[in-house]
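Chemist: Sharing model33.txt below, compact mmCIF, C-alpha atoms:
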# COMPACT_ATOMS: atom_id res chain seq x y z
CA MET D 955 0.00 0.00 0.00
CA ASN D 956 1.19 3.50 -0.76
CA ASP D 957 2.32 5.69 2.07
CA PRO D 958 0.72 9.07 1.42
CA ARG D 959 3.37 10.82 3.46
CA LYS D 960 6.02 9.79 0.95
CA ASP D 961 4.17 9.71 -2.36
CA ASN D 962 2.19 12.56 -3.75
CA LYS D 963 -0.03 10.17 -5.67
CA VAL D 964 -1.95 7.28 -4.18
CA ASP D 965 -3.37 4.63 -6.50
CA ILE D 966 -6.83 3.49 -5.43
CA ALA D 967 -8.30 1.69 -8.49
CA THR D 968 -11.60 0.87 -6.80
CA ARG D 969 -15.00 0.49 -8.40
CA VAL D 970 -17.30 3.06 -6.83
CA MET D 971 -20.26 0.66 -6.84
CA SER D 972 -18.35 -2.06 -5.00
CA ARG D 973 -20.07 -1.43 -1.65
CA ASN D 974 -23.53 -1.75 -3.19
CA ASP D 975 -22.44 -4.83 -5.11
CA THR D 976 -21.42 -6.54 -1.86
CA PHE D 977 -24.95 -6.10 -0.48
CA ALA D 978 -26.43 -7.18 -3.82
CA ALA D 979 -24.44 -10.42 -3.78
CA ARG D 980 -25.71 -11.12 -0.25
CA ASN D 981 -29.35 -10.55 -1.33
CA HIS D 982 -28.88 -12.72 -4.39
CA GLU D 983 -27.49 -15.59 -2.35
CA LEU D 984 -30.35 -15.38 0.19
CA LEU D 985 -33.06 -15.27 -2.49
CA ARG D 986 -31.54 -17.99 -4.63
CA SER D 987 -31.09 -20.32 -1.64
CA ASN D 988 -34.86 -20.02 -1.13
CA GLY D 989 -35.57 -20.79 -4.78
CA ILE D 990 -37.02 -17.34 -5.46
CA LEU D 991 -36.82 -15.65 -8.87
CA THR D 992 -36.15 -11.94 -8.33
CA LEU D 993 -37.01 -9.16 -10.79
CA ASN D 994 -35.81 -5.56 -10.69
CA ILE D 995 -38.47 -3.62 -12.63
CA ILE D 996 -37.29 -0.28 -14.00
CA SER D 997 -39.11 2.36 -16.02
CA SER D 998 -40.01 6.04 -16.19
CA PRO D 999 -42.68 7.28 -13.78
CA GLY D 1000 -46.11 6.41 -15.12
CA ALA D 1001 -45.01 3.70 -17.56
CA GLY D 1002 -47.21 1.16 -15.78
CA LYS D 1003 -44.99 -0.73 -13.32
CA THR D 1004 -47.64 -0.90 -10.60
CA SER D 1005 -50.37 -1.83 -13.10
CA LEU D 1006 -48.14 -4.63 -14.35
CA LEU D 1007 -47.65 -5.86 -10.78
CA GLU D 1008 -51.40 -5.78 -10.14
CA ALA D 1009 -51.87 -7.93 -13.23
CA MET D 1010 -49.07 -10.28 -12.11
CA ALA D 1011 -50.71 -10.59 -8.67
CA GLY D 1012 -53.83 -11.84 -10.44
CA PHE D 1013 -51.79 -14.61 -12.07
CA PHE D 1014 -49.44 -15.60 -9.25
CA GLY D 1015 -51.48 -14.72 -6.15
CA PRO D 1016 -49.52 -15.35 -2.95
CA GLY D 1017 -46.67 -16.88 -5.01
CA LEU D 1018 -45.67 -13.28 -5.75
CA ALA D 1019 -44.23 -10.78 -3.28
CA VAL D 1020 -43.47 -7.17 -4.11
CA ILE D 1021 -41.03 -4.60 -2.80
CA GLU D 1022 -42.11 -1.11 -3.79
CA GLY D 1023 -39.61 1.71 -4.06
CA ASP D 1024 -41.02 5.21 -3.97
CA VAL D 1025 -39.84 8.57 -2.83
CA ARG D 1026 -42.89 8.89 -0.56
CA THR D 1027 -46.17 7.13 0.40
CA ARG D 1028 -47.39 3.52 0.67
CA ARG D 1029 -49.89 3.98 -2.17
CA ASP D 1030 -48.27 1.54 -4.56
CA ALA D 1031 -47.89 -1.15 -1.90
CA GLU D 1032 -51.57 -0.77 -1.02
CA ARG D 1033 -52.52 -1.19 -4.70
CA VAL D 1034 -50.67 -4.48 -5.13
CA GLU D 1035 -51.80 -5.79 -1.73
CA LYS D 1036 -55.36 -5.20 -2.82
CA ALA D 1037 -54.58 -7.23 -5.95
CA GLY D 1038 -53.67 -10.22 -3.77
CA CYS D 1039 -49.98 -10.40 -2.92
CA LYS D 1040 -47.74 -9.38 -0.08
CA ALA D 1041 -46.00 -6.04 -0.45
CA TYR D 1042 -43.46 -3.99 1.46
CA GLN D 1043 -42.87 -0.32 0.71
CA ILE D 1044 -39.44 1.29 0.86
CA GLU D 1045 -39.78 5.06 1.08
CA THR D 1046 -36.50 6.38 -0.26
CA GLY D 1047 -37.10 9.85 1.15
CA GLY D 1048 -35.87 11.70 -1.95
CA SER D 1049 -33.42 9.24 -3.41
CA CYS D 1050 -33.96 8.45 -7.09
CA HIS D 1051 -33.15 4.73 -6.93
CA LEU D 1052 -33.20 1.72 -4.65
CA ASP D 1053 -29.94 0.32 -3.37
CA ALA D 1054 -29.07 -3.21 -2.33
CA GLU D 1055 -28.68 -2.37 1.35
CA ALA D 1056 -32.24 -1.02 1.57
CA VAL D 1057 -33.58 -4.06 -0.28
CA GLY D 1058 -31.70 -6.34 2.13
CA LYS D 1059 -33.48 -4.69 5.05
CA ALA D 1060 -36.83 -4.99 3.28
CA LEU D 1061 -36.27 -8.73 2.79
CA GLU D 1062 -36.45 -9.16 6.58
CA HIS D 1063 -40.17 -8.41 6.32
CA PHE D 1064 -40.92 -11.51 4.21
CA ASP D 1065 -41.07 -15.21 5.02
CA LEU D 1066 -38.74 -16.22 2.23
CA ASP D 1067 -38.76 -19.89 3.18
CA ASP D 1068 -42.54 -20.39 3.48
CA GLY D 1069 -42.46 -22.56 0.34
CA GLU D 1070 -45.24 -20.54 -1.27
CA LEU D 1071 -43.23 -17.61 -2.53
CA SER D 1072 -41.64 -18.18 -5.94
CA ILE D 1073 -41.26 -14.69 -7.42
CA LEU D 1074 -40.11 -11.44 -5.83
CA ALA D 1075 -40.70 -8.33 -7.93
CA ILE D 1076 -38.88 -5.17 -6.89
CA GLU D 1077 -40.49 -2.06 -8.32
CA ASN D 1078 -37.73 0.50 -8.54
CA VAL D 1079 -38.19 4.27 -8.29
CA GLY D 1080 -39.50 5.62 -11.62
CA ASN D 1081 -36.35 6.72 -13.41
CA LEU D 1082 -34.46 5.47 -16.49
CA ILE D 1083 -30.97 6.48 -15.37
CA CYS D 1084 -30.13 6.16 -11.69
CA PRO D 1085 -31.48 2.66 -10.94
CA SER D 1086 -29.51 1.12 -13.80
CA GLY D 1087 -26.17 1.12 -11.98
CA TYR D 1088 -27.44 -0.33 -8.71
CA ASP D 1089 -27.77 -4.09 -8.72
CA LEU D 1090 -30.16 -5.18 -5.99
CA GLY D 1091 -29.45 -8.91 -6.04
CA GLU D 1092 -31.97 -9.65 -8.78
CA ASP D 1093 -31.86 -12.46 -11.31
CA MET D 1094 -32.99 -10.13 -14.05
CA LYS D 1095 -33.74 -6.51 -14.76
CA VAL D 1096 -37.04 -5.93 -16.52
CA GLY D 1097 -37.24 -2.67 -18.48
CA LEU D 1098 -40.71 -1.31 -19.05
CA LEU D 1099 -41.16 1.20 -21.86
CA SER D 1100 -44.64 2.60 -22.45
CA THR D 1101 -45.72 3.64 -25.91
CA PRO D 1102 -46.53 7.31 -25.09
CA GLU D 1103 -42.90 7.81 -24.05
CA GLY D 1104 -41.76 7.39 -27.65
CA ASP D 1105 -39.80 4.76 -29.55
CA ASP D 1106 -36.57 6.79 -29.38
CA LYS D 1107 -35.93 6.27 -25.67
CA VAL D 1108 -33.87 3.11 -25.86
CA LEU D 1109 -30.68 4.64 -27.24
CA LYS D 1110 -31.07 7.70 -25.03
CA TYR D 1111 -30.78 5.51 -21.94
CA PRO D 1112 -28.25 2.86 -22.97
CA SER D 1113 -27.06 2.23 -19.43
CA LEU D 1114 -30.47 0.76 -18.60
CA PHE D 1115 -31.46 -0.86 -21.88
CA SER D 1116 -28.09 -2.61 -22.27
CA ARG D 1117 -28.57 -4.31 -18.88
CA ILE D 1118 -32.12 -5.63 -19.05
CA ALA D 1119 -32.93 -9.28 -19.67
CA VAL D 1120 -36.55 -8.50 -20.56
CA LEU D 1121 -38.10 -5.54 -22.39
CA VAL D 1122 -41.82 -5.02 -21.86
CA ILE D 1123 -43.45 -2.54 -24.22
CA ASN D 1124 -46.54 -1.48 -22.31
CA LYS D 1125 -49.72 0.41 -23.26
CA THR D 1126 -50.00 -1.28 -26.66
CA ASP D 1127 -53.72 -0.43 -26.55
CA LEU D 1128 -52.67 3.15 -27.33
CA LEU D 1129 -50.63 2.26 -30.43
CA PRO D 1130 -53.36 3.24 -32.93
CA MET D 1131 -53.21 6.80 -31.58
CA LEU D 1132 -49.42 7.14 -31.51
CA ASP D 1133 -46.43 7.14 -33.85
CA PHE D 1134 -44.57 4.61 -31.69
CA ASP D 1135 -42.63 2.23 -33.95
CA VAL D 1136 -42.42 -1.09 -32.09
CA ASP D 1137 -39.88 -2.51 -34.54
CA ARG D 1138 -37.57 0.45 -34.01
CA ALA D 1139 -37.68 0.19 -30.23
CA VAL D 1140 -37.01 -3.54 -30.35
CA ARG D 1141 -34.27 -3.21 -32.98
CA GLU D 1142 -32.48 -0.51 -30.99
CA CYS D 1143 -32.79 -2.46 -27.75
CA ARG D 1144 -31.31 -5.53 -29.47
CA SER D 1145 -28.46 -3.32 -30.72
CA LEU D 1146 -27.43 -2.84 -27.09
CA ASN D 1147 -28.49 -6.23 -25.93
CA PRO D 1148 -28.84 -8.97 -28.58
CA ASN D 1149 -30.41 -11.52 -26.22
CA VAL D 1150 -33.17 -9.37 -24.72
CA VAL D 1151 -36.58 -11.08 -24.49
CA VAL D 1152 -39.42 -8.83 -25.63
CA PHE D 1153 -43.09 -8.77 -24.61
CA LEU D 1154 -45.81 -6.50 -25.96
CA MET D 1155 -48.40 -5.74 -23.33
CA SER D 1156 -51.29 -3.68 -22.17
CA ALA D 1157 -51.42 -4.10 -18.42
CA ARG D 1158 -54.71 -2.17 -18.52
CA THR D 1159 -56.54 -4.46 -20.95
CA GLY D 1160 -54.60 -7.59 -19.96
CA GLU D 1161 -53.18 -8.18 -23.44
CA GLY D 1162 -49.82 -9.96 -23.22
CA VAL D 1163 -49.89 -10.30 -19.42
CA GLU D 1164 -50.41 -14.04 -19.34
CA GLU D 1165 -47.62 -14.66 -21.85
CA PHE D 1166 -45.24 -12.62 -19.70
CA CYS D 1167 -46.33 -14.41 -16.51
CA ARG D 1168 -45.89 -17.82 -18.12
CA PHE D 1169 -42.37 -16.86 -19.13
CA LEU D 1170 -41.62 -15.84 -15.53
CA LYS D 1171 -43.14 -19.05 -14.21
CA GLY D 1172 -40.81 -21.02 -16.47
CA GLN D 1173 -37.82 -19.00 -15.26
CA ALA D 1174 -38.89 -19.48 -11.62
CA GLU D 1175 -39.10 -23.24 -12.12
CA LEU D 1176 -35.50 -23.19 -13.30
CA GLU D 1177 -34.55 -21.51 -10.01
CA GLU D 1178 -36.06 -24.20 -7.81
CA MET M 1314 -29.62 12.58 -10.00
CA HIS M 1315 -27.91 10.16 -7.66
CA GLU M 1316 -24.50 11.71 -7.93
CA LEU M 1317 -24.70 13.08 -4.38
CA SER M 1318 -24.81 9.59 -2.87
CA ILE M 1319 -22.18 8.50 -5.39
CA ALA M 1320 -19.91 11.37 -4.29
CA LYS M 1321 -20.27 10.21 -0.68
CA ASP M 1322 -19.33 6.67 -1.69
CA MET M 1323 -16.26 8.12 -3.41
CA THR M 1324 -15.08 10.02 -0.32
CA THR M 1325 -15.60 6.86 1.75
CA ILE M 1326 -13.40 4.90 -0.66
CA ILE M 1327 -10.78 7.63 -0.72
CA GLY M 1328 -10.78 8.08 3.06
CA ARG M 1329 -10.27 4.36 3.54
CA ALA M 1330 -7.37 4.31 1.05
CA ILE M 1331 -5.47 7.25 2.53
CA GLY M 1332 -6.30 6.76 6.21
CA GLY M 1333 -8.94 9.45 6.73
CA PRO M 1334 -9.80 12.88 5.35
CA ARG M 1335 -7.05 15.28 4.34
CA PRO M 1336 -6.89 18.02 1.72
CA LEU M 1337 -6.37 16.68 -1.78
CA ASP M 1338 -5.36 18.44 -4.98
CA ARG M 1339 -6.66 16.02 -7.57
CA VAL M 1340 -8.97 13.04 -7.71
CA ASN M 1341 -8.77 10.93 -10.86
CA VAL M 1342 -11.82 8.94 -11.93
CA THR M 1343 -12.84 6.96 -15.02
CA ILE M 1344 -16.41 6.91 -16.34
CA GLY M 1345 -17.77 4.76 -19.16
CA PRO M 1346 -20.79 5.73 -21.29
CA LEU M 1347 -22.84 2.81 -19.89
CA SER M 1348 -22.19 3.62 -16.23
CA GLY M 1349 -25.29 5.79 -15.85
CA ILE M 1350 -23.12 8.50 -14.27
CA SER M 1351 -23.35 12.12 -15.40
CA ALA M 1352 -19.90 13.70 -15.33
CA GLU M 1353 -21.28 17.21 -14.85
CA SER M 1354 -23.54 16.25 -11.95
CA LEU M 1355 -20.74 14.32 -10.35
CA ARG M 1356 -18.37 17.28 -10.63
CA PHE M 1357 -20.89 19.52 -8.89
CA CYS M 1358 -21.73 17.07 -6.10
CA PHE M 1359 -18.21 15.85 -5.50
CA GLY M 1360 -16.93 19.39 -4.91
CA GLU M 1361 -19.52 19.97 -2.21
CA VAL M 1362 -19.05 16.61 -0.53
CA ALA M 1363 -15.24 16.71 -0.62
CA ARG M 1364 -15.12 20.16 0.97
CA SER M 1365 -17.67 19.36 3.68
CA GLU M 1366 -15.90 16.13 4.62
CA GLY M 1367 -12.40 17.58 4.99
CA PHE M 1368 -10.87 16.67 1.63
CA GLY M 1369 -10.30 20.29 0.61
CA GLU M 1370 -11.13 21.47 -2.88
CA PRO M 1371 -9.58 18.89 -5.18
CA GLU M 1372 -9.85 19.09 -8.93
CA LEU M 1373 -11.95 16.18 -10.17
CA VAL M 1374 -10.20 14.85 -13.27
CA ILE M 1375 -12.68 12.71 -15.20
CA THR M 1376 -11.49 10.40 -17.95
CA LEU M 1377 -14.47 9.59 -20.17
CA VAL M 1378 -13.63 6.33 -21.85
CA ALA M 1379 -15.46 4.98 -24.89
CA ALA M 1380 -17.39 1.73 -24.90
CA ARG M 1381 -15.79 -1.14 -26.79
CA LEU M 1382 -18.17 -2.92 -29.15
CA VAL M 1383 -17.91 -5.82 -31.55
CA CYS M 1384 -20.04 -5.94 -34.70
CA LEU M 1385 -22.04 -9.16 -34.96
CA ASP M 1386 -22.19 -8.95 -38.75
CA CYS M 1387 -18.57 -8.27 -39.76
CA GLU M 1388 -16.73 -8.83 -36.45
CA THR M 1389 -15.08 -5.40 -36.48
CA GLU M 1390 -14.23 -4.13 -33.00
CA TYR M 1391 -14.83 -0.43 -32.50
CA ASN M 1392 -15.17 2.30 -29.89
CA ALA M 1393 -18.27 4.41 -29.28
CA LYS M 1394 -19.19 7.20 -26.87
CA ASP M 1395 -22.85 6.98 -27.81
CA PHE M 1396 -24.82 4.28 -29.55
CA TYR M 1397 -26.53 6.00 -32.48
CA ASP M 1398 -23.91 5.14 -35.08
CA GLY M 1399 -23.37 1.58 -36.17
CA CYS M 1400 -20.24 -0.29 -37.13
CA PRO M 1401 -17.67 1.93 -38.92
CA SER M 1402 -17.00 -0.86 -41.44
CA CYS M 1403 -20.46 -2.09 -42.40
CA GLY M 1404 -22.94 0.24 -40.64
CA SER M 1405 -24.75 -2.54 -38.77
CA ILE M 1406 -26.09 -1.86 -35.29
CA ASN M 1407 -25.99 -5.55 -34.37
CA ARG M 1408 -23.25 -5.69 -31.78
CA ASN M 1409 -22.08 -7.01 -28.49
CA ILE M 1410 -20.86 -4.69 -25.77
CA LEU M 1411 -17.42 -5.64 -24.53
CA SER M 1412 -16.95 -2.76 -22.06
CA GLY M 1413 -18.33 0.65 -21.15
CA ARG M 1414 -19.67 0.33 -17.61
CA GLU M 1415 -16.50 1.55 -15.92
CA PHE M 1416 -16.79 3.81 -12.92
CA THR M 1417 -13.69 3.82 -10.76
CA VAL M 1418 -11.73 6.05 -8.43
CA ASP M 1419 -8.29 5.62 -9.94
CA SER M 1420 -6.02 7.70 -7.72
CA VAL M 1421 -5.68 10.85 -5.64
CA GLU M 1422 -2.86 13.38 -5.74
CA PHE M 1423 -1.35 15.82 -3.27
CA ASP M 1424 0.80 18.75 -4.35
CA GLU M 1425 3.89 19.67 -2.32
CA GLY M 1426 2.12 21.90 0.16
CA ASN M 1427 -0.43 19.21 1.06
CA SER M 1428 1.87 16.21 1.21
For the structure just supplied, provide its representation as structure tokens.
Modeler:
Amino acid sequence: MNDPRKDNKVDIATRVMSRNDTFAARNHELLRSNGILTLNIISSPGAGKTSLLEAMAGFFGPGLAVIEGDVRTRRDAERVEKAGCKAYQIETGGSCHLDAEAVGKALEHFDLDDGELSILAIENVGNLICPSGYDLGEDMKVGLLSTPEGDDKVLKYPSLFSRIAVLVINKTDLLPMLDFDVDRAVRECRSLNPNVVVFLMSARTGEGVEEFCRFLKGQAELEE
Amino acid sequence: MHELSIAKDMTTIIGRAIGGPRPLDRVNVTIGPLSGISAESLRFCFGEVARSEGFGEPELVITLVAARLVCLDCETEYNAKDFYDGCPSCGSINRNILSGREFTVDSVEFDEGNS
């Protein structure tokens, strides 16, 4: 190690996210050892994350648990609880993303080994930039892009769209009223991420929800 | 805008490496285009955090590295700072990302008066 009293330069060469990554690895180990598939769901505010979770609760029931990240209020947790699954709300108090340490604390509020729980969905704070760099211990990041946001968003936020395993294009019921080019969004996402799995969905009408849930069920069975 | 918490993580890393806060002259960091970090926001937040935590007013020297990509159609390897342009050889946007998520504190420097 350098002695700063002798040298006027000290090499550090440390990844800034390393502290978060340590907590993320701990979460991942805990969740995996209980056979739980964990999703980190990331989108802009209003893209439909909570509506998607309500629809997923209808499919999975108590097999699904949800951690909600929001700057303030338990409103989202109350919505998904009403839809039939257990939810815990993290109020970030102003922070624009969830971090792995906060998720680790939230996990203490669930019975991870009750045998019923197979999928944990973490709804991140609505934001396309900040959450992308913080791994939470998930098996996969799910990026949700809603059609009113525009088909040009993928390459504007490459940090997120290059890291997702699944792209959900939501609000397809609005496509007839918009200029959103589905092929462009998918093509540009694949240009960052050739293996991304894509689902077209309207969480409001239910179109595409079952297909997505069946995919997750298959992934969860691989975990067990 | 999470650069404030990032700046605090940086001073924690630096403090641990040099045995606690002391005035610095330069902090060298590397940022890749897929890190999700805004250099300008970081510069602003790091200045505030460094000063308030006893690290003086160091210059934050940011090296913005390009991402390294490989074209899936013609196998050319190339660098990119954004992702709008395709392969320089064949124009394809089919590619794998080899690197670009870097975000490291590389080193800190003290000038004579502070060492």
Chemist: I'd like the neighbourhood of Asn1392 (chain M) as a PDB file with C-alpha atoms, in the coordinates of the input, where a residue qualifies if any of its atoms comes within 9 Å (using all atoms listed in the file), though same-chain residues fewer than 4 positions away should be ignored.
Modeler:
ATOM      1  CA  ALA M1379     -15.460   4.980 -24.890  1.00  0.00           C
ATOM      2  CA  ALA M1380     -17.390   1.730 -24.900  1.00  0.00           C
ATOM      3  CA  ARG M1381     -15.790  -1.140 -26.790  1.00  0.00           C
ATOM      4  CA  LEU M1382     -18.170  -2.920 -29.150  1.00  0.00           C
ATOM      5  CA  VAL M1383     -17.910  -5.820 -31.550  1.00  0.00           C
TER       6      VAL M1383
END
Chemist: List as number ranges by chain the protein and nucleic acid residues near Val1374 (chain M), meaning an atom at most 12 Å away when all atoms listed in the file are counted, but skip any in the same chain fewer than 5 places from it.
Modeler: M: 1338-1344, 1352-1353, 1355-1356, 1359-1360, 1417-1422
Chemist: Restrict the selected residues to C-alpha atoms and save them as a PDB file, in the frame of the given file.
Modeler:
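Output (out-v4.pdb):
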ATOM      1  CA  ASP M1338      -5.360  18.440  -4.980  1.00  0.00           C
ATOM      2  CA  ARG M1339      -6.660  16.020  -7.570  1.00  0.00           C
ATOM      3  CA  VAL M1340      -8.970  13.040  -7.710  1.00  0.00           C
ATOM      4  CA  ASN M1341      -8.770  10.930 -10.860  1.00  0.00           C
ATOM      5  CA  VAL M1342     -11.820   8.940 -11.930  1.00  0.00           C
ATOM      6  CA  THR M1343     -12.840   6.960 -15.020  1.00  0.00           C
ATOM      7  CA  ILE M1344     -16.410   6.910 -16.340  1.00  0.00           C
ATOM      8  CA  ALA M1352     -19.900  13.700 -15.330  1.00  0.00           C
ATOM      9  CA  GLU M1353     -21.280  17.210 -14.850  1.00  0.00           C
ATOM     10  CA  LEU M1355     -20.740  14.320 -10.350  1.00  0.00           C
ATOM     11  CA  ARG M1356     -18.370  17.280 -10.630  1.00  0.00           C
ATOM     12  CA  PHE M1359     -18.210  15.850  -5.500  1.00  0.00           C
ATOM     13  CA  GLY M1360     -16.930  19.390  -4.910  1.00  0.00           C
ATOM     14  CA  THR M1417     -13.690   3.820 -10.760  1.00  0.00           C
ATOM     15  CA  VAL M1418     -11.730   6.050  -8.430  1.00  0.00           C
ATOM     16  CA  ASP M1419      -8.290   5.620  -9.940  1.00  0.00           C
ATOM     17  CA  SER M1420      -6.020   7.700  -7.720  1.00  0.00           C
ATOM     18  CA  VAL M1421      -5.680  10.850  -5.640  1.00  0.00           C
ATOM     19  CA  GLU M1422      -2.860  13.380  -5.740  1.00  0.00           C
TER      20      GLU M1422
END
Chemist: Hey, which of D:Thr1126, D:Ser1113, D:Asn1149, D:Ser1100 ends up closest to Gly1162 (chain D)? Count all atoms listed in the file.
Modeler: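 Ranking D:Thr1126, D:Ser1113, D:Asn1149, D:Ser1100 by distance to Gly1162 (chain D), first place goes to D:Thr1126.
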Chemist: Which polymer residues have any atom within 10 Å of an atom of Leu1385 (chain M), counting only C-alpha atoms, with same-chain residues fewer than 2 positions away left out, as a ChimeraX atom specification?
Modeler: /D:1145,1148 /M:1382-1383,1387-1390,1400,1405-1409
Chemist: Write the residues of the selection above to a file with C-alpha atoms, as a CSV table (one decimal), in the coordinates of the input.
Modeler:
chain,number,residue,atom,x,y,z
D,1145,SER,CA,-28.5,-3.3,-30.7
D,1148,PRO,CA,-28.8,-9.0,-28.6
M,1382,LEU,CA,-18.2,-2.9,-29.2
M,1383,VAL,CA,-17.9,-5.8,-31.6
M,1387,CYS,CA,-18.6,-8.3,-39.8
M,1388,GLU,CA,-16.7,-8.8,-36.4
M,1389,THR,CA,-15.1,-5.4,-36.5
M,1390,GLU,CA,-14.2,-4.1,-33.0
M,1400,CYS,CA,-20.2,-0.3,-37.1
M,1405,SER,CA,-24.8,-2.5,-38.8
M,1406,ILE,CA,-26.1,-1.9,-35.3
M,1407,ASN,CA,-26.0,-5.6,-34.4
M,1408,ARG,CA,-23.2,-5.7,-31.8
M,1409,ASN,CA,-22.1,-7.0,-28.5
Chemist: What residues in chain M have any atom no more than 8 Å from chain D when counting only C-alpha atoms, and can you write them as a PyMOL selection string?
Modeler: chain M and resi 1314-1315+1319+1322-1323+1326-1327+1330-1331+1346-1350+1396-1397+1406-1410+1414-1425+1428
Chemist: Output the selection as a PDB file, in the frame of the given file - C-alpha atoms for each residue.
Modeler:
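As a result, selection-v4.pdb now contains:
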ATOM      1  CA  MET M1314     -29.620  12.580 -10.000  1.00  0.00           C
ATOM      2  CA  HIS M1315     -27.910  10.160  -7.660  1.00  0.00           C
ATOM      3  CA  ILE M1319     -22.180   8.500  -5.390  1.00  0.00           C
ATOM      4  CA  ASP M1322     -19.330   6.670  -1.690  1.00  0.00           C
ATOM      5  CA  MET M1323     -16.260   8.120  -3.410  1.00  0.00           C
ATOM      6  CA  ILE M1326     -13.400   4.900  -0.660  1.00  0.00           C
ATOM      7  CA  ILE M1327     -10.780   7.630  -0.720  1.00  0.00           C
ATOM      8  CA  ALA M1330      -7.370   4.310   1.050  1.00  0.00           C
ATOM      9  CA  ILE M1331      -5.470   7.250   2.530  1.00  0.00           C
ATOM     10  CA  PRO M1346     -20.790   5.730 -21.290  1.00  0.00           C
ATOM     11  CA  LEU M1347     -22.840   2.810 -19.890  1.00  0.00           C
ATOM     12  CA  SER M1348     -22.190   3.620 -16.230  1.00  0.00           C
ATOM     13  CA  GLY M1349     -25.290   5.790 -15.850  1.00  0.00           C
ATOM     14  CA  ILE M1350     -23.120   8.500 -14.270  1.00  0.00           C
ATOM     15  CA  PHE M1396     -24.820   4.280 -29.550  1.00  0.00           C
ATOM     16  CA  TYR M1397     -26.530   6.000 -32.480  1.00  0.00           C
ATOM     17  CA  ILE M1406     -26.090  -1.860 -35.290  1.00  0.00           C
ATOM     18  CA  ASN M1407     -25.990  -5.550 -34.370  1.00  0.00           C
ATOM     19  CA  ARG M1408     -23.250  -5.690 -31.780  1.00  0.00           C
ATOM     20  CA  ASN M1409     -22.080  -7.010 -28.490  1.00  0.00           C
ATOM     21  CA  ILE M1410     -20.860  -4.690 -25.770  1.00  0.00           C
ATOM     22  CA  ARG M1414     -19.670   0.330 -17.610  1.00  0.00           C
ATOM     23  CA  GLU M1415     -16.500   1.550 -15.920  1.00  0.00           C
ATOM     24  CA  PHE M1416     -16.790   3.810 -12.920  1.00  0.00           C
ATOM     25  CA  THR M1417     -13.690   3.820 -10.760  1.00  0.00           C
ATOM     26  CA  VAL M1418     -11.730   6.050  -8.430  1.00  0.00           C
ATOM     27  CA  ASP M1419      -8.290   5.620  -9.940  1.00  0.00           C
ATOM     28  CA  SER M1420      -6.020   7.700  -7.720  1.00  0.00           C
ATOM     29  CA  VAL M1421      -5.680  10.850  -5.640  1.00  0.00           C
ATOM     30  CA  GLU M1422      -2.860  13.380  -5.740  1.00  0.00           C
ATOM     31  CA  PHE M1423      -1.350  15.820  -3.270  1.00  0.00           C
ATOM     32  CA  ASP M1424       0.800  18.750  -4.350  1.00  0.00           C
ATOM     33  CA  GLU M1425       3.890  19.670  -2.320  1.00  0.00           C
ATOM     34  CA  SER M1428       1.870  16.210   1.210  1.00  0.00           C
TER      35      SER M1428
END
Chemist: Could you state the separation of CA of Glu1035 (chain D) and CA of Ser1005 (chain D) in Å, given to one decimal place?
Modeler: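 Rounded to one decimal, the two atoms are 12.1 Å apart.
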Chemist: Grab all the atoms of region 1155-1167 of chain D that the file lists, wrap them in a box along x, y and z, add 3 Å per side, and give me centre plus edge lengths in Å (one decimal) as JSON.
Modeler:
{"center_x": -50.9, "center_y": -8.4, "center_z": -20.0, "size_x": 17.3, "size_y": 18.5, "size_z": 12.9}
